[in-house]
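Structure file my_file.cif (mmCIF, C-alpha atoms; chains and numbers go by the auth columns) follows.
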```cif
data_protein
loop_
_atom_site.group_PDB
_atom_site.id
_atom_site.type_symbol
_atom_site.label_atom_id
_atom_site.label_comp_id
_atom_site.label_asym_id
_atom_site.label_seq_id
_atom_site.Cartn_x
_atom_site.Cartn_y
_atom_site.Cartn_z
_atom_site.B_iso_or_equiv
_atom_site.auth_seq_id
_atom_site.auth_asym_id
ATOM 1 C CA MET A 1 -4.180 33.752 -58.363 0.00 1 T
ATOM 2 C CA THR A 2 -5.813 37.080 -59.069 0.00 2 T
ATOM 3 C CA GLU A 3 -4.022 40.385 -59.079 0.00 3 T
ATOM 4 C CA LEU A 4 -3.811 42.045 -55.681 0.00 4 T
ATOM 5 C CA ARG A 5 -6.073 45.011 -55.167 0.00 5 T
ATOM 6 C CA PRO A 6 -6.627 47.130 -52.094 0.00 6 T
ATOM 7 C CA LEU A 7 -9.331 45.563 -49.985 0.00 7 T
ATOM 8 C CA PRO A 8 -12.346 47.625 -49.083 0.00 8 T
ATOM 9 C CA ASN A 9 -12.545 48.853 -45.543 0.00 9 T
ATOM 10 C CA CYS A 10 -14.430 45.826 -44.270 0.00 10 T
ATOM 11 C CA GLN A 11 -13.197 46.007 -40.713 0.00 11 T
ATOM 12 C CA SER A 12 -16.548 47.333 -39.558 0.00 12 T
ATOM 13 C CA MET A 13 -18.390 44.557 -41.450 0.00 13 T
ATOM 14 C CA LEU A 14 -16.128 41.714 -40.361 0.00 14 T
ATOM 15 C CA GLY A 15 -14.618 40.812 -37.054 0.00 15 T
ATOM 16 C CA PRO A 16 -11.000 41.843 -36.560 0.00 16 T
ATOM 17 C CA ASP A 17 -9.821 38.256 -37.087 0.00 17 T
ATOM 18 C CA TYR A 18 -11.420 38.029 -40.556 0.00 18 T
ATOM 19 C CA TYR A 19 -10.064 41.424 -41.523 0.00 19 T
ATOM 20 C CA LYS A 20 -6.546 40.481 -40.381 0.00 20 T
ATOM 21 C CA VAL A 21 -6.603 37.190 -42.308 0.00 21 T
ATOM 22 C CA LEU A 22 -7.815 38.989 -45.468 0.00 22 T
ATOM 23 C CA LEU A 23 -4.962 41.483 -45.167 0.00 23 T
ATOM 24 C CA GLU A 24 -2.442 38.676 -44.683 0.00 24 T
ATOM 25 C CA ILE A 25 -3.778 36.858 -47.756 0.00 25 T
ATOM 26 C CA GLU A 26 -3.530 40.072 -49.758 0.00 26 T
ATOM 27 C CA VAL A 27 0.192 40.333 -49.080 0.00 27 T
ATOM 28 C CA GLY A 28 0.698 36.720 -50.128 0.00 28 T
ATOM 29 C CA ARG A 29 0.547 34.778 -46.900 0.00 29 T
ATOM 30 C CA ARG A 30 -0.741 31.214 -47.419 0.00 30 T
ATOM 31 C CA PHE A 31 0.463 29.332 -44.316 0.00 31 T
ATOM 32 C CA TRP A 32 -0.293 29.834 -40.614 0.00 32 T
ATOM 33 C CA GLN A 33 1.002 27.757 -37.732 0.00 33 T
ATOM 34 C CA SER A 34 0.035 27.791 -34.088 0.00 34 T
ATOM 35 C CA ASN A 35 2.707 28.822 -31.644 0.00 35 T
ATOM 36 C CA PRO A 36 2.226 26.409 -28.742 0.00 36 T
ATOM 37 C CA SER A 37 4.051 28.603 -26.264 0.00 37 T
ATOM 38 C CA ALA A 38 2.170 31.794 -27.171 0.00 38 T
ATOM 39 C CA GLU A 39 -1.398 30.642 -27.812 0.00 39 T
ATOM 40 C CA ASN A 40 -3.588 27.666 -27.175 0.00 40 T
ATOM 41 C CA ALA A 41 -5.354 25.648 -29.850 0.00 41 T
ATOM 42 C CA ASP A 42 -8.702 27.350 -29.230 0.00 42 T
ATOM 43 C CA ALA A 43 -7.227 30.810 -29.790 0.00 43 T
ATOM 44 C CA PHE A 44 -5.545 29.653 -33.016 0.00 44 T
ATOM 45 C CA TYR A 45 -8.841 28.160 -34.201 0.00 45 T
ATOM 46 C CA VAL A 46 -10.735 31.410 -33.580 0.00 46 T
ATOM 47 C CA ARG A 47 -7.997 33.716 -34.903 0.00 47 T
ATOM 48 C CA VAL A 48 -6.990 31.799 -38.050 0.00 48 T
ATOM 49 C CA VAL A 49 -8.817 28.556 -38.852 0.00 49 T
ATOM 50 C CA LYS A 50 -12.400 29.780 -38.447 0.00 50 T
ATOM 51 C CA PRO A 51 -11.884 32.920 -40.598 0.00 51 T
ATOM 52 C CA LEU A 52 -10.173 30.879 -43.335 0.00 52 T
ATOM 53 C CA ARG A 53 -12.987 28.304 -43.366 0.00 53 T
ATOM 54 C CA ARG A 54 -15.527 31.103 -43.678 0.00 54 T
ATOM 55 C CA LEU A 55 -13.588 32.661 -46.551 0.00 55 T
ATOM 56 C CA GLN A 56 -13.475 29.239 -48.206 0.00 56 T
ATOM 57 C CA ARG A 57 -17.282 28.944 -47.982 0.00 57 T
ATOM 58 C CA ARG A 58 -17.572 32.393 -49.582 0.00 58 T
ATOM 59 C CA GLY A 59 -15.348 31.350 -52.475 0.00 59 T
ATOM 60 C CA VAL A 60 -12.440 33.643 -51.630 0.00 60 T
ATOM 61 C CA VAL A 61 -10.151 30.708 -50.796 0.00 61 T
ATOM 62 C CA GLY A 62 -10.188 27.635 -53.017 0.00 62 T
ATOM 63 C CA LYS A 63 -8.962 24.874 -50.721 0.00 63 T
ATOM 64 C CA LEU A 64 -7.494 24.616 -47.245 0.00 64 T
ATOM 65 C CA GLN A 65 -5.156 21.972 -45.943 0.00 65 T
ATOM 66 C CA GLU A 66 -5.246 21.625 -42.177 0.00 66 T
ATOM 67 C CA THR A 67 -2.618 19.894 -40.082 0.00 67 T
ATOM 68 C CA THR A 68 -3.975 18.503 -36.832 0.00 68 T
ATOM 69 C CA THR A 69 -2.518 17.212 -33.602 0.00 69 T
ATOM 70 C CA THR A 70 -2.157 13.528 -32.915 0.00 70 T
ATOM 71 C CA ASP A 71 -5.760 13.414 -31.646 0.00 71 T
ATOM 72 C CA ASP A 72 -6.835 14.507 -35.171 0.00 72 T
ATOM 73 C CA LYS A 73 -9.179 17.130 -33.751 0.00 73 T
ATOM 74 C CA THR A 74 -7.244 20.309 -33.164 0.00 74 T
ATOM 75 C CA PRO A 75 -5.781 22.219 -36.139 0.00 75 T
ATOM 76 C CA ILE A 76 -2.245 23.392 -35.410 0.00 76 T
ATOM 77 C CA ALA A 77 -1.475 24.646 -38.909 0.00 77 T
ATOM 78 C CA VAL A 78 -3.472 25.619 -41.975 0.00 78 T
ATOM 79 C CA GLU A 79 -2.395 26.335 -45.540 0.00 79 T
ATOM 80 C CA ILE A 80 -4.243 27.781 -48.506 0.00 80 T
ATOM 81 C CA ILE A 81 -3.930 25.453 -51.491 0.00 81 T
ATOM 82 C CA GLY A 82 -4.960 26.615 -54.950 0.00 82 T
ATOM 83 C CA GLN A 83 -6.902 29.700 -55.979 0.00 83 T
ATOM 84 C CA VAL A 84 -7.422 32.874 -53.976 0.00 84 T
ATOM 85 C CA ASP A 85 -9.968 35.338 -55.342 0.00 85 T
ATOM 86 C CA LEU A 86 -9.921 38.552 -53.340 0.00 86 T
ATOM 87 C CA THR A 87 -12.417 40.127 -55.734 0.00 87 T
ATOM 88 C CA LYS A 88 -15.082 37.906 -54.166 0.00 88 T
ATOM 89 C CA ALA A 89 -14.333 39.479 -50.804 0.00 89 T
ATOM 90 C CA SER A 90 -14.762 42.926 -52.340 0.00 90 T
ATOM 91 C CA LYS A 91 -17.992 42.041 -54.194 0.00 91 T
ATOM 92 C CA ARG A 92 -19.490 40.615 -51.032 0.00 92 T
ATOM 93 C CA TRP A 93 -19.650 44.092 -49.529 0.00 93 T
ATOM 94 C CA GLY A 94 -20.579 45.956 -52.708 0.00 94 T
ATOM 95 C CA ARG A 95 -17.172 47.424 -53.384 0.00 95 T
ATOM 96 C CA PRO A 96 -15.251 47.478 -56.701 0.00 96 T
#
```
Please express the file's structure as structure tokens.
Amino acid sequence: MTELRPLPNCQSMLGPDYYKVLLEIEVGRRFWQSNPSAENADAFYVRVVKPLRRLQRRGVVGKLQETTTTDDKTPIAVEIIGQVDLTKASKRWGRP
């Protein structure tokens, strides 16, 4: 894992969900789980899973492990496995 550096102010360049996930990764968070009583599966997908998949495609997150419901369609938990390179998030927007 790379050393933690302050992230650039990318809130205006990313949606709030991506920005929040980047901040949570920066402080060491690697596991997210849906709270069935507080949010539905679609909200969890938009708020957590989709941003993490996008960060994986950009090379910021090495590998994701998703836990799905019994229908094997809906992610209810996601965990970052392996490398996290926050410098790739910074370089993407031309910041040091």
Next on the checklist: Once the PyMOL selection byres ((chain T and resi 22) around 9) has been evaluated on this model, what residues remain selected, and can you format them as a PyMOL selection string?
Outcome noted: chain T and resi 7+17-21+23-27+51-52+55+86+89
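Distances to Arg30 of chain T were evaluated for T:Val60, T:Ile76, T:Val49, T:Ile81 using only C-alpha atoms, and the minimum falls at T:Ile81.
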Item to check | Reference answer for the PyMOL selection byres ((chain T and resi 80) around 9), as a ChimeraX atom specification | outcome: /T:29-31,52,61-66,78-79,81-84
Item to check | Of the listed residues T:Asn35, T:Thr70, T:Gln56, T:Asn40, that which approaches Asp85 of chain T most closely, counting all atoms listed in the file | outcome: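 Counting all atoms listed in the file, the residue closest to Asp85 of chain T is T:Gln56.
Coordinates place atom CA of Gly28 of chain T at a distance of 25.8 Å from atom CA of Thr69 of chain T.
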Checklist entry - Mind pulling up the distance from atom CA of Pro16 of chain T to atom CA of Arg54 of chain T? => result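 Result for atom CA of Arg54 of chain T versus atom CA of Pro16 of chain T: 13.7 Å, one decimal.
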Next on the checklist: With the PyMOL selection byres ((chain T and resi 34) around 7) as the selection, what would be picked from this file? Answer as a PyMOL selection string, please.
Outcome noted: chain T and resi 32-33+35-36+44+76-77
Checklist entry - Between atom CA of Pro75 of chain T and atom CA of Asp42 of chain T, what is the distance, to one decimal in Å? => result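 Taking atom CA of Pro75 of chain T and atom CA of Asp42 of chain T, their separation equals 9.1 Å.
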Checklist entry - Which one is closest to Thr87 of chain T: T:Thr68, T:Gly15, T:Arg58, T:Arg47? Count all atoms listed in the file. => result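 Using all atoms listed in the file, the shortest distance to Thr87 of chain T belongs to T:Arg58.
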Any chance you could work out the axis-aligned box around segment 35-51 of chain T, listed atoms only, 6 Å on each side, giving centre and edge lengths in Å to one decimal, as JSON?
```
{"center_x": -4.2, "center_y": 29.7, "center_z": -33.4, "size_x": 28.5, "size_y": 20.1, "size_z": 26.3}
```
